[in-house]
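Have a look at entry.txt below; it lists compact mmCIF, C-alpha atoms and all ligand atoms.
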```txt
# COMPACT_ATOMS: atom_id res chain seq x y z
CA MET A 1 -21.63 49.49 -45.51
CA ASN A 2 -24.84 50.83 -44.06
CA ALA A 3 -25.00 54.59 -44.76
CA PRO A 4 -27.15 55.68 -41.74
CA LEU A 5 -24.79 53.81 -39.38
CA GLN A 6 -21.62 55.27 -40.93
CA SER A 7 -22.97 58.80 -40.91
CA TRP A 8 -24.20 58.44 -37.29
CA LEU A 9 -20.73 57.19 -36.25
CA LYS A 10 -19.01 60.14 -37.97
CA ASP A 11 -21.35 62.63 -36.29
CA GLN A 12 -20.85 61.08 -32.86
CA LEU A 13 -17.06 61.09 -33.23
CA GLN A 14 -17.09 64.73 -34.36
CA THR A 15 -19.16 65.62 -31.27
CA LEU A 16 -16.55 63.95 -29.06
CA ARG A 17 -13.77 65.91 -30.80
CA ASP A 18 -15.70 69.18 -30.45
CA GLN A 19 -16.14 68.54 -26.71
CA ASN A 20 -12.48 67.57 -26.13
CA LEU A 21 -13.61 64.06 -25.17
CA TYR A 22 -12.07 62.12 -28.05
CA LYS A 23 -9.46 59.49 -27.14
CA THR A 24 -6.60 58.08 -29.22
CA PRO A 25 -4.48 55.43 -27.49
CA ARG A 26 -0.75 55.98 -27.85
CA HIS A 27 1.52 53.27 -29.24
CA LEU A 28 3.65 51.45 -26.65
CA SER A 29 6.68 49.57 -27.97
CA THR A 30 8.34 48.43 -24.73
CA PRO A 31 7.04 46.35 -21.76
CA ALA A 32 4.99 48.11 -19.06
CA GLY A 33 7.46 49.78 -16.72
CA GLY A 34 8.53 53.02 -15.05
CA ARG A 35 10.12 54.28 -18.29
CA VAL A 36 8.69 53.19 -21.61
CA THR A 37 8.92 54.00 -25.31
CA MET A 38 5.67 55.48 -26.49
CA ASP A 39 5.03 56.82 -30.00
CA GLY A 40 8.79 56.44 -30.48
CA LYS A 41 9.70 58.64 -27.49
CA GLN A 42 11.17 57.60 -24.14
CA VAL A 43 8.90 58.78 -21.32
CA VAL A 44 8.35 58.29 -17.60
CA ASN A 45 5.11 56.30 -17.48
CA LEU A 46 2.75 57.58 -14.78
CA SER A 47 -0.29 55.93 -16.28
CA SER A 48 0.03 52.24 -15.54
CA ASN A 49 -1.75 50.09 -12.95
CA ASN A 50 1.32 47.85 -12.71
CA TYR A 51 1.60 48.94 -9.06
CA LEU A 52 4.20 46.40 -7.93
CA GLY A 53 6.13 46.02 -11.18
CA LEU A 54 4.94 42.40 -11.45
CA ALA A 55 3.88 42.66 -15.12
CA ASN A 56 7.44 41.79 -16.07
CA HIS A 57 8.90 40.40 -12.84
CA PRO A 58 11.40 37.62 -13.77
CA LYS A 59 9.68 35.01 -11.55
CA VAL A 60 6.27 35.77 -13.04
CA VAL A 61 7.61 35.67 -16.60
CA ALA A 62 9.45 32.38 -15.90
CA ALA A 63 6.25 30.81 -14.51
CA ALA A 64 4.36 31.81 -17.65
CA HIS A 65 7.08 30.27 -19.86
CA GLU A 66 7.01 27.02 -17.91
CA ALA A 67 3.21 26.79 -18.08
CA LEU A 68 3.29 27.53 -21.79
CA ASP A 69 5.54 24.51 -22.34
CA ARG A 70 3.46 22.28 -20.10
CA TRP A 71 -0.10 23.30 -21.05
CA GLY A 72 0.06 25.02 -24.44
CA VAL A 73 -1.58 28.36 -25.14
CA GLY A 74 -5.32 27.87 -24.69
CA ALA A 75 -7.73 26.49 -22.12
CA GLY A 76 -9.84 25.00 -24.92
CA ALA A 77 -13.29 25.88 -23.61
CA VAL A 78 -15.47 27.36 -20.94
CA ARG A 79 -14.47 25.66 -17.67
CA TRP A 80 -17.71 23.83 -16.96
CA ILE A 81 -17.67 22.40 -20.48
CA GLY A 82 -13.96 21.74 -21.06
CA GLY A 83 -12.95 21.05 -17.46
CA THR A 84 -10.95 23.09 -14.98
CA MET A 85 -7.20 22.65 -15.37
CA ASP A 86 -5.16 22.01 -12.21
CA VAL A 87 -3.49 25.37 -12.63
CA HIS A 88 -6.84 27.25 -12.62
CA GLN A 89 -7.92 25.37 -9.50
CA GLU A 90 -4.60 26.07 -7.77
CA LEU A 91 -4.94 29.79 -8.51
CA GLU A 92 -8.41 29.91 -6.92
CA ASP A 93 -7.24 28.00 -3.83
CA ARG A 94 -4.28 30.36 -3.45
CA LEU A 95 -6.47 33.44 -3.88
CA ALA A 96 -8.97 32.19 -1.27
CA LYS A 97 -6.13 31.81 1.26
CA PHE A 98 -4.75 35.21 0.31
CA LYS A 99 -8.18 36.85 0.84
CA HIS A 100 -9.03 34.85 4.01
CA THR A 101 -12.30 33.70 2.43
CA GLU A 102 -13.86 30.26 2.00
CA ALA A 103 -13.73 30.37 -1.78
CA VAL A 104 -12.76 32.33 -4.89
CA LEU A 105 -14.03 32.14 -8.47
CA VAL A 106 -11.86 33.62 -11.22
CA PHE A 107 -13.32 35.46 -14.24
CA THR A 108 -11.35 36.58 -17.29
CA GLY A 109 -11.46 40.24 -16.22
CA GLY A 110 -12.38 42.47 -13.29
CA PHE A 111 -15.03 44.02 -15.52
CA THR A 112 -16.59 40.64 -16.23
CA ALA A 113 -16.38 39.64 -12.57
CA ASN A 114 -18.59 42.65 -11.77
CA SER A 115 -20.97 42.06 -14.65
CA GLY A 116 -21.14 38.35 -13.77
CA CYS A 117 -21.54 38.59 -10.03
CA ILE A 118 -23.81 41.57 -9.42
CA PRO A 119 -26.84 40.52 -11.50
CA ALA A 120 -26.48 36.93 -10.25
CA VAL A 121 -26.94 37.73 -6.56
CA VAL A 122 -30.03 39.95 -6.69
CA THR A 123 -33.59 39.66 -8.03
CA ASP A 124 -36.49 42.02 -8.74
CA LYS A 125 -37.35 41.87 -5.04
CA ASP A 126 -34.01 43.46 -4.11
CA VAL A 127 -32.35 46.86 -4.12
CA ILE A 128 -28.73 47.85 -4.84
CA ILE A 129 -27.43 50.92 -3.01
CA SER A 130 -24.36 52.47 -4.65
CA ASP A 131 -21.74 55.17 -4.04
CA GLU A 132 -22.09 57.80 -6.78
CA LEU A 133 -18.42 57.42 -7.79
CA ASN A 134 -18.46 53.66 -8.32
CA HIS A 135 -16.51 52.32 -11.28
CA ALA A 136 -18.15 51.85 -14.70
CA SER A 137 -17.94 48.06 -14.43
CA ILE A 138 -19.95 48.15 -11.19
CA ILE A 139 -22.49 50.45 -12.81
CA ASP A 140 -22.84 48.14 -15.82
CA GLY A 141 -23.19 45.09 -13.56
CA VAL A 142 -25.87 46.90 -11.57
CA ARG A 143 -27.71 47.89 -14.77
CA LEU A 144 -27.76 44.25 -15.88
CA SER A 145 -29.57 43.25 -12.70
CA ALA A 146 -33.32 43.00 -12.08
CA ALA A 147 -33.01 44.90 -8.78
CA LYS A 148 -33.96 48.53 -8.13
CA TYR A 149 -30.86 50.70 -8.35
CA LYS A 150 -31.55 54.07 -9.97
CA LYS A 151 -30.24 57.39 -8.70
CA SER A 152 -33.49 59.06 -9.82
CA GLU A 153 -35.37 56.66 -7.50
CA GLY A 154 -33.09 57.47 -4.56
CA TYR A 155 -30.77 54.46 -4.36
CA VAL A 156 -27.42 56.19 -4.96
CA TYR A 157 -25.64 57.97 -2.10
CA GLY A 158 -23.29 60.94 -2.41
CA HIS A 159 -19.63 59.97 -2.47
CA LYS A 160 -18.79 58.37 0.92
CA ASP A 161 -21.84 60.10 2.45
CA MET A 162 -22.63 57.73 5.31
CA GLY A 163 -25.56 59.85 6.54
CA GLN A 164 -27.23 59.45 3.17
CA LEU A 165 -26.43 55.73 3.07
CA GLU A 166 -28.15 55.28 6.43
CA GLU A 167 -31.14 57.31 5.25
CA ILE A 168 -31.50 55.02 2.18
CA LEU A 169 -31.12 51.91 4.33
CA SER A 170 -33.78 53.11 6.73
CA ARG A 171 -36.37 53.63 3.96
CA THR A 172 -35.76 50.43 1.96
CA GLN A 173 -36.65 47.87 4.60
CA GLU A 174 -39.41 46.30 2.50
CA PHE A 175 -36.94 44.81 0.01
CA GLU A 176 -36.05 41.14 0.36
CA LYS A 177 -32.28 41.71 0.06
CA ARG A 178 -30.31 44.93 0.10
CA MET A 179 -26.84 45.17 -1.39
CA ILE A 180 -24.46 48.04 -0.65
CA ILE A 181 -21.79 48.25 -3.32
CA THR A 182 -18.67 50.40 -3.33
CA ASP A 183 -15.18 50.68 -4.74
CA GLY A 184 -12.62 49.90 -2.00
CA VAL A 185 -10.23 52.46 -3.51
CA PHE A 186 -11.93 54.88 -5.90
CA SER A 187 -10.26 54.52 -9.24
CA MET A 188 -10.22 58.14 -10.39
CA ASP A 189 -9.85 59.90 -7.01
CA GLY A 190 -7.59 57.51 -5.11
CA ASP A 191 -9.49 57.80 -1.83
CA ILE A 192 -10.54 54.85 0.34
CA ALA A 193 -14.16 53.85 1.05
CA PRO A 194 -15.20 54.17 4.74
CA LEU A 195 -15.64 50.41 4.88
CA PRO A 196 -15.89 50.04 8.69
CA LYS A 197 -18.89 52.40 8.74
CA ILE A 198 -20.45 50.76 5.66
CA VAL A 199 -20.15 47.33 7.30
CA GLU A 200 -21.54 48.67 10.60
CA LEU A 201 -24.58 50.13 8.79
CA ALA A 202 -25.04 46.96 6.74
CA GLU A 203 -25.08 44.88 9.91
CA LYS A 204 -27.49 47.31 11.62
CA TYR A 205 -29.96 47.22 8.68
CA ASN A 206 -29.43 43.60 7.62
CA ALA A 207 -27.96 44.50 4.23
CA PHE A 208 -24.97 42.83 2.57
CA VAL A 209 -21.80 44.45 1.26
CA MET A 210 -19.87 44.03 -1.98
CA VAL A 211 -16.55 45.84 -2.31
CA ASP A 212 -14.61 46.23 -5.55
CA ASP A 213 -10.95 46.00 -4.59
CA ALA A 214 -9.49 46.43 -8.08
CA HIS A 215 -7.20 49.23 -6.87
CA ALA A 216 -6.73 47.93 -3.32
CA SER A 217 -5.38 44.50 -4.31
CA GLY A 218 -1.62 44.57 -3.90
CA VAL A 219 -1.84 48.05 -2.41
CA LEU A 220 -3.75 47.97 0.91
CA GLY A 221 -3.68 45.50 3.81
CA LYS A 222 -1.12 42.88 4.78
CA ASN A 223 0.70 41.68 1.61
CA GLY A 224 -1.81 43.73 -0.38
CA ALA A 225 -4.84 41.59 0.56
CA GLY A 226 -7.19 44.59 0.09
CA THR A 227 -9.55 46.94 1.87
CA ALA A 228 -11.13 44.34 4.19
CA ALA A 229 -7.64 43.37 5.35
CA HIS A 230 -6.63 47.05 5.69
CA PHE A 231 -9.55 47.67 8.08
CA ASP A 232 -9.37 44.23 9.73
CA LEU A 233 -12.89 43.36 8.57
CA TYR A 234 -12.22 39.69 7.84
CA GLY A 235 -15.47 37.71 7.59
CA ARG A 236 -17.69 40.83 7.59
CA VAL A 237 -17.66 41.73 3.88
CA ASP A 238 -19.93 39.34 1.98
CA ILE A 239 -18.48 39.76 -1.51
CA GLN A 240 -15.03 41.03 -2.49
CA LEU A 241 -14.03 41.62 -6.06
CA GLY A 242 -10.36 41.66 -6.95
CA THR A 243 -8.60 42.26 -10.22
CA LEU A 244 -5.65 40.24 -11.46
CA SER A 245 -4.87 42.85 -14.11
CA LYS A 246 -3.39 45.64 -12.03
CA ALA A 247 -1.04 44.98 -9.06
CA LEU A 248 -0.88 41.26 -9.85
CA GLY A 249 0.41 42.25 -13.25
CA VAL A 250 -1.40 39.85 -15.58
CA VAL A 251 -5.14 39.81 -16.42
CA GLY A 252 -8.41 38.67 -14.86
CA GLY A 253 -10.74 39.27 -11.98
CA TYR A 254 -12.16 37.21 -9.13
CA ILE A 255 -14.95 37.07 -6.61
CA ALA A 256 -14.00 36.08 -3.06
CA GLY A 257 -16.61 35.05 -0.51
CA SER A 258 -18.44 32.02 0.84
CA ALA A 259 -18.47 28.53 -0.71
CA PRO A 260 -22.20 28.83 -1.62
CA LEU A 261 -21.46 32.15 -3.37
CA LYS A 262 -18.82 30.46 -5.52
CA ASP A 263 -21.17 27.54 -6.26
CA TRP A 264 -23.95 29.93 -7.25
CA LEU A 265 -21.68 31.90 -9.59
CA ILE A 266 -20.43 28.69 -11.22
CA ASN A 267 -24.10 28.01 -12.00
CA ARG A 268 -25.41 31.51 -12.65
CA GLY A 269 -22.45 33.83 -13.34
CA ARG A 270 -22.94 34.38 -17.07
CA PRO A 271 -19.38 35.43 -18.07
CA TYR A 272 -18.11 32.32 -16.26
CA LEU A 273 -20.71 30.12 -17.94
CA PHE A 274 -20.37 31.49 -21.44
CA SER A 275 -16.75 32.62 -21.89
CA THR A 276 -13.56 30.58 -22.27
CA ALA A 277 -11.15 30.32 -19.33
CA HIS A 278 -7.82 32.12 -19.18
CA PRO A 279 -4.88 30.58 -20.99
CA PRO A 280 -3.19 28.32 -18.40
CA MET A 281 0.01 30.41 -18.51
CA VAL A 282 -2.05 33.34 -17.19
CA ALA A 283 -3.09 31.32 -14.14
CA ALA A 284 0.50 30.11 -13.62
CA ALA A 285 1.88 33.65 -13.88
CA LEU A 286 -0.69 34.81 -11.33
CA ILE A 287 0.33 32.08 -8.87
CA ALA A 288 3.91 33.36 -9.21
CA SER A 289 2.70 36.94 -8.61
CA LEU A 290 1.02 35.77 -5.40
CA ASP A 291 4.28 34.06 -4.37
CA VAL A 292 6.13 37.35 -4.79
CA MET A 293 3.46 39.35 -2.94
CA GLU A 294 3.39 36.93 -0.02
CA ASN A 295 7.14 36.46 0.32
CA ASP A 296 8.84 39.65 -0.83
CA PRO A 297 7.84 42.84 1.03
CA GLU A 298 10.13 44.98 -1.15
CA PRO A 299 7.78 45.84 -4.08
CA MET A 300 4.98 47.00 -1.76
CA LYS A 301 7.43 49.01 0.34
CA ARG A 302 8.83 50.69 -2.80
CA LEU A 303 5.29 51.40 -4.03
CA TRP A 304 4.39 53.20 -0.81
CA ASP A 305 7.75 55.00 -0.45
CA ASN A 306 7.32 56.31 -3.99
CA THR A 307 3.66 57.18 -3.36
CA ARG A 308 4.42 59.20 -0.22
CA TRP A 309 7.28 61.02 -1.90
CA TRP A 310 5.24 61.84 -5.03
CA LYS A 311 2.19 63.13 -3.16
CA LYS A 312 4.25 65.32 -0.87
CA ALA A 313 6.34 66.69 -3.76
CA LEU A 314 3.19 67.59 -5.74
CA ALA A 315 1.53 69.20 -2.72
CA ASP A 316 4.71 71.17 -1.88
CA ALA A 317 4.76 72.43 -5.47
CA GLY A 318 1.17 73.66 -5.05
CA PHE A 319 -0.77 71.01 -7.00
CA ASP A 320 -4.21 69.86 -5.79
CA THR A 321 -4.21 66.06 -5.43
CA MET A 322 -7.90 65.94 -4.47
CA GLY A 323 -7.55 64.19 -1.09
CA SER A 324 -6.15 61.02 -2.63
CA GLU A 325 -4.88 58.49 -0.06
CA THR A 326 -3.40 55.78 -2.27
CA PRO A 327 -0.96 55.58 -5.22
CA ILE A 328 -3.72 56.87 -7.54
CA THR A 329 -2.86 60.57 -7.46
CA PRO A 330 -5.08 62.89 -9.48
CA VAL A 331 -3.79 66.37 -10.26
CA TYR A 332 -6.89 68.56 -10.48
CA VAL A 333 -7.36 70.69 -13.60
CA GLY A 334 -11.15 71.15 -14.02
CA ASP A 335 -11.59 72.13 -17.66
CA GLU A 336 -11.44 69.26 -20.18
CA GLY A 337 -9.56 71.24 -22.84
CA ALA A 338 -6.95 72.46 -20.34
CA ALA A 339 -6.42 68.90 -19.06
CA GLN A 340 -5.92 67.57 -22.58
CA ARG A 341 -3.47 70.40 -23.40
CA MET A 342 -1.58 69.62 -20.20
CA GLU A 343 -1.39 65.92 -21.09
CA LYS A 344 0.12 66.77 -24.51
CA MET A 345 2.62 69.24 -23.03
CA LEU A 346 3.68 66.73 -20.37
CA PHE A 347 4.28 64.18 -23.09
CA ASP A 348 6.48 66.65 -24.97
CA GLU A 349 8.43 67.06 -21.72
CA GLY A 350 8.89 63.25 -21.49
CA VAL A 351 6.08 62.30 -19.07
CA TYR A 352 3.09 60.14 -19.93
CA ALA A 353 0.19 60.94 -17.59
CA LEU A 354 -3.33 60.73 -18.91
CA ALA A 355 -5.97 63.44 -18.84
CA ILE A 356 -9.14 61.92 -17.38
CA VAL A 357 -12.27 63.63 -18.66
CA TYR A 358 -16.02 63.04 -18.91
CA PRO A 359 -17.58 60.43 -19.01
CA THR A 360 -14.91 58.76 -16.83
CA VAL A 361 -15.34 61.64 -14.35
CA ALA A 362 -18.01 64.33 -14.10
CA ARG A 363 -17.95 67.24 -16.58
CA GLY A 364 -15.73 70.11 -15.38
CA LYS A 365 -13.76 67.78 -13.05
CA ALA A 366 -11.01 66.85 -15.48
CA ARG A 367 -7.68 65.86 -14.01
CA ILE A 368 -4.31 64.41 -14.86
CA ARG A 369 -4.22 61.00 -13.22
CA THR A 370 -0.77 59.93 -12.02
CA MET A 371 0.21 56.51 -10.73
CA PRO A 372 3.58 56.15 -9.00
CA SER A 373 4.60 52.50 -8.72
CA ALA A 374 7.31 50.17 -7.48
CA ALA A 375 8.72 50.27 -11.01
CA HIS A 376 9.74 53.96 -10.70
CA THR A 377 13.13 55.17 -9.52
CA GLN A 378 13.55 58.35 -7.49
CA GLU A 379 15.12 59.87 -10.61
CA ASP A 380 11.97 59.07 -12.67
CA LEU A 381 9.73 60.84 -10.14
CA GLU A 382 11.98 63.89 -9.81
CA PHE A 383 12.09 64.19 -13.59
CA ALA A 384 8.27 63.97 -13.72
CA LEU A 385 7.82 66.59 -11.00
CA GLN A 386 10.00 69.08 -12.85
CA ALA A 387 7.94 68.46 -16.00
CA PHE A 388 4.68 69.15 -14.12
CA VAL A 389 6.05 72.44 -12.76
CA ARG A 390 7.37 73.53 -16.19
CA VAL A 391 4.08 72.71 -17.93
CA ARG A 392 2.03 74.55 -15.30
CA ASP A 393 4.28 77.62 -15.70
CA LEU A 394 3.96 77.47 -19.49
CA LEU A 395 0.16 77.13 -19.28
CA SER A 396 -0.19 80.04 -16.86
CA THR A 397 2.08 82.23 -19.02
CA SER A 398 0.02 81.43 -22.14
CA ALA A 399 -3.22 82.21 -20.26
CA THR A 400 -2.06 85.73 -19.29
C1 LIG B 1 -12.67 49.79 -9.68
C2 LIG B 1 -12.45 48.90 -10.87
N1 LIG B 1 -13.14 47.76 -10.95
C3 LIG B 1 -12.98 46.92 -11.99
C4 LIG B 1 -12.09 47.20 -13.00
C5 LIG B 1 -11.94 46.25 -14.15
O1 LIG B 1 -10.82 45.45 -13.98
P1 LIG B 1 -10.12 44.73 -15.21
O2 LIG B 1 -9.21 45.72 -15.83
O3 LIG B 1 -9.44 43.57 -14.59
O4 LIG B 1 -11.22 44.30 -16.14
C6 LIG B 1 -11.34 48.36 -12.95
C7 LIG B 1 -10.38 48.67 -14.06
O5 LIG B 1 -10.11 49.77 -14.41
C8 LIG B 1 -11.52 49.24 -11.86
O6 LIG B 1 -10.81 50.37 -11.77
```

Show how you would write the structure in this file as structure tokens.
Ligand SMILES: Cc1ncc(COP(=O)(O)O)c(C=O)c1O
Amino acid sequence: MNAPLQSWLKDQLQTLRDQNLYKTPRHLSTPAGGRVTMDGKQVVNLSSNNYLGLANHPKVVAAAHEALDRWGVGAGAVRWIGGTMDVHQELEDRLAKFKHTEAVLVFTGGFTANSGCIPAVVTDKDVIISDELNHASIIDGVRLSAAKYKKSEGYVYGHKDMGQLEEILSRTQEFEKRMIITDGVFSMDGDIAPLPKIVELAEKYNAFVMVDDAHASGVLGKNGAGTAAHFDLYGRVDIQLGTLSKALGVVGGYIAGSAPLKDWLINRGRPYLFSTAHPPMVAAALIASLDVMENDPEPMKRLWDNTRWWKKALADAGFDTMGSETPITPVYVGDEGAAQRMEKMLFDEGVYALAIVYPTVARGKARIRTMPSAAHTQEDLEFALQAFVRVRDLLSTSAT
């Protein structure tokens, strides 16, 4: 073992502990659901992205079993080397229809879809203009690119600040291509990007738009087709990223757009070129998830009924949900230590809801992030609300 490395790691970890930024994942011993067993305790789970409860929907599970028997467990190779199985092709065709785009290319994760697509579509003659609250996987994809992108050089706009976006667009006309990139639904705040205005500005200044719909897929638009569908912007968003890991309940990510975009990413999207395809049962399970989303309105209705109830109940009880508009419902705390204490106390009360602290959000903007889903019953949410109120009362008593 290399001594300088080990001692550096220990120092770094101690710094994280000292700053209340150290994370330890809890142990989950039941399937993802509204109530789970975590570290041996039964809790209401408000920390899952399984929006529609599809992660263990019987039809999705049955499709995975069937594909396992037919195809075995592995894809064998990268798709362009080993060949694309029928089931992978069918998934992409289904997703393209679902997104109303010419084509879709699937990657093994939403993260890799961002890091594969973004650097592939820009060069050193281009600029990427980003919302300051974009997800880490967008930021990493942007950093991998040869384009200009830095905040210090003036290419990042304040969160949803359309005046600032226009100002950047008006002073970057010398670049060959300009890409505006935004989350569709912001993953830590739960608000929705002003996509109609972004698209209008992009069209005015001849820029193109990429939207990351990780948290809009299955949540916004008809059947959960995403932010472009929600705002009726079909055909006007050049690149849409979706994840297959959250509402669709399995794992993966995809890029939806034109046929030449797909062709280009098959040739230049590095995680597609150099990483093995999903196990076929993953693709089959995802086709079944799409079947449910397109034919059964019930999960999405339950998701939104639960979301509306939860947000109103929190607001009525005096919690600040930070202007969230979607199921992602942050409960503002501010101080990192207080948020982590609150997370622990909620767990003791039987509620699992994660404290989100720096570097996931800015320092001093810690929050408890809650995610109501179709998998929750009314009883689960009422139980969770009472726990939030009790913990807040206990914290305020201990502070006085
Ligand atoms: C906005 C956003 N984009 C991309 C991703 C990555 O998706 P995946 O979990 O499929 O890799 C996430 C996941 O947290 C996300 O929130």

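Distances from A:Glu102, A:Asp93, A:Asp380, A:Asp131 to ligand LIG 1 (chain B) were compared using all atoms listed in the file, and the smallest one belongs to A:Asp131.
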
Pick out the residues no farther than 10 Å from ligand LIG 1 (chain B), counting all atoms listed in the file, and list them as a PDB file with C-alpha atoms, in the frame of the given file.
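Once written, selection_31.pdb looks like this:
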```pdb
ATOM      1  CA  ASN A  49      -1.750  50.090 -12.950  1.00  0.00           C
ATOM      2  CA  PHE A 107     -13.320  35.460 -14.240  1.00  0.00           C
ATOM      3  CA  THR A 108     -11.350  36.580 -17.290  1.00  0.00           C
ATOM      4  CA  GLY A 109     -11.460  40.240 -16.220  1.00  0.00           C
ATOM      5  CA  GLY A 110     -12.380  42.470 -13.290  1.00  0.00           C
ATOM      6  CA  PHE A 111     -15.030  44.020 -15.520  1.00  0.00           C
ATOM      7  CA  THR A 112     -16.590  40.640 -16.230  1.00  0.00           C
ATOM      8  CA  ALA A 113     -16.380  39.640 -12.570  1.00  0.00           C
ATOM      9  CA  ASN A 114     -18.590  42.650 -11.770  1.00  0.00           C
ATOM     10  CA  SER A 115     -20.970  42.060 -14.650  1.00  0.00           C
ATOM     11  CA  LEU A 133     -18.420  57.420  -7.790  1.00  0.00           C
ATOM     12  CA  ASN A 134     -18.460  53.660  -8.320  1.00  0.00           C
ATOM     13  CA  HIS A 135     -16.510  52.320 -11.280  1.00  0.00           C
ATOM     14  CA  ALA A 136     -18.150  51.850 -14.700  1.00  0.00           C
ATOM     15  CA  SER A 137     -17.940  48.060 -14.430  1.00  0.00           C
ATOM     16  CA  ILE A 138     -19.950  48.150 -11.190  1.00  0.00           C
ATOM     17  CA  ILE A 139     -22.490  50.450 -12.810  1.00  0.00           C
ATOM     18  CA  THR A 182     -18.670  50.400  -3.330  1.00  0.00           C
ATOM     19  CA  ASP A 183     -15.180  50.680  -4.740  1.00  0.00           C
ATOM     20  CA  GLY A 184     -12.620  49.900  -2.000  1.00  0.00           C
ATOM     21  CA  VAL A 185     -10.230  52.460  -3.510  1.00  0.00           C
ATOM     22  CA  PHE A 186     -11.930  54.880  -5.900  1.00  0.00           C
ATOM     23  CA  SER A 187     -10.260  54.520  -9.240  1.00  0.00           C
ATOM     24  CA  MET A 188     -10.220  58.140 -10.390  1.00  0.00           C
ATOM     25  CA  VAL A 211     -16.550  45.840  -2.310  1.00  0.00           C
ATOM     26  CA  ASP A 212     -14.610  46.230  -5.550  1.00  0.00           C
ATOM     27  CA  ASP A 213     -10.950  46.000  -4.590  1.00  0.00           C
ATOM     28  CA  ALA A 214      -9.490  46.430  -8.080  1.00  0.00           C
ATOM     29  CA  HIS A 215      -7.200  49.230  -6.870  1.00  0.00           C
ATOM     30  CA  ALA A 216      -6.730  47.930  -3.320  1.00  0.00           C
ATOM     31  CA  LEU A 241     -14.030  41.620  -6.060  1.00  0.00           C
ATOM     32  CA  GLY A 242     -10.360  41.660  -6.950  1.00  0.00           C
ATOM     33  CA  THR A 243      -8.600  42.260 -10.220  1.00  0.00           C
ATOM     34  CA  LEU A 244      -5.650  40.240 -11.460  1.00  0.00           C
ATOM     35  CA  SER A 245      -4.870  42.850 -14.110  1.00  0.00           C
ATOM     36  CA  LYS A 246      -3.390  45.640 -12.030  1.00  0.00           C
ATOM     37  CA  VAL A 250      -1.400  39.850 -15.580  1.00  0.00           C
ATOM     38  CA  VAL A 251      -5.140  39.810 -16.420  1.00  0.00           C
ATOM     39  CA  GLY A 252      -8.410  38.670 -14.860  1.00  0.00           C
ATOM     40  CA  GLY A 253     -10.740  39.270 -11.980  1.00  0.00           C
ATOM     41  CA  TYR A 254     -12.160  37.210  -9.130  1.00  0.00           C
TER      42      TYR A 254
END
```

Original post:
Restricting the calculation to all atoms listed in the file, which member of A:Tyr332, A:Trp8, A:Phe175, A:Trp304 is positioned closest to Tyr51 of chain A?
Top reply: A:Trp304

Specify the axis-aligned box that encloses all atoms of segment 109-115 of chain A listed in the file after padding of 4 Å on each side, stating its centre and edge lengths in Å to one decimal as AutoDock Vina command-line options.
```
--center_x -16.2 --center_y 41.8 --center_z -14.0 --size_x 17.5 --size_y 12.4 --size_z 12.5
```

Give me the residues of segment 110-185 of chain A that have any atom at most 6 Å from an atom of segment 255-275 of chain A; for each, the nearest atom pair and the distance in Å, rounded to one decimal. Use only C-alpha atoms, sort by chain and number, and format it as JSON lines.
```
{"residue": "A:Gly116", "atom": "CA", "partner": "A:Gly269", "partner_atom": "CA", "distance": 4.7}
{"residue": "A:Cys117", "atom": "CA", "partner": "A:Gly269", "partner_atom": "CA", "distance": 5.9}
{"residue": "A:Ala120", "atom": "CA", "partner": "A:Gly269", "partner_atom": "CA", "distance": 5.9}
```

May I have the residues from that selection written out with C-alpha atoms, as a PDB file, in the frame of the given file?
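Output contents, as saved in again27.pdb:
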```
ATOM      1  CA  GLY A 116     -21.140  38.350 -13.770  1.00  0.00           C
ATOM      2  CA  CYS A 117     -21.540  38.590 -10.030  1.00  0.00           C
ATOM      3  CA  ALA A 120     -26.480  36.930 -10.250  1.00  0.00           C
TER       4      ALA A 120
END
```

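In terms of minimum interatomic distance to Ala288 of chain A, A:Gly249 ranks closest within A:Leu68, A:Leu16, A:Phe231, A:Gly249, counting all atoms listed in the file.
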
Original post:
Between A:Ile180, A:Ala193, A:Ile118, A:Val87, which has the minimum distance to Glu325 of chain A (counting only C-alpha atoms)?
Top reply: A:Ala193

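Going from atom CA of Ala313 of chain A to atom CA of Val36 of chain A covers 22.5 Å.
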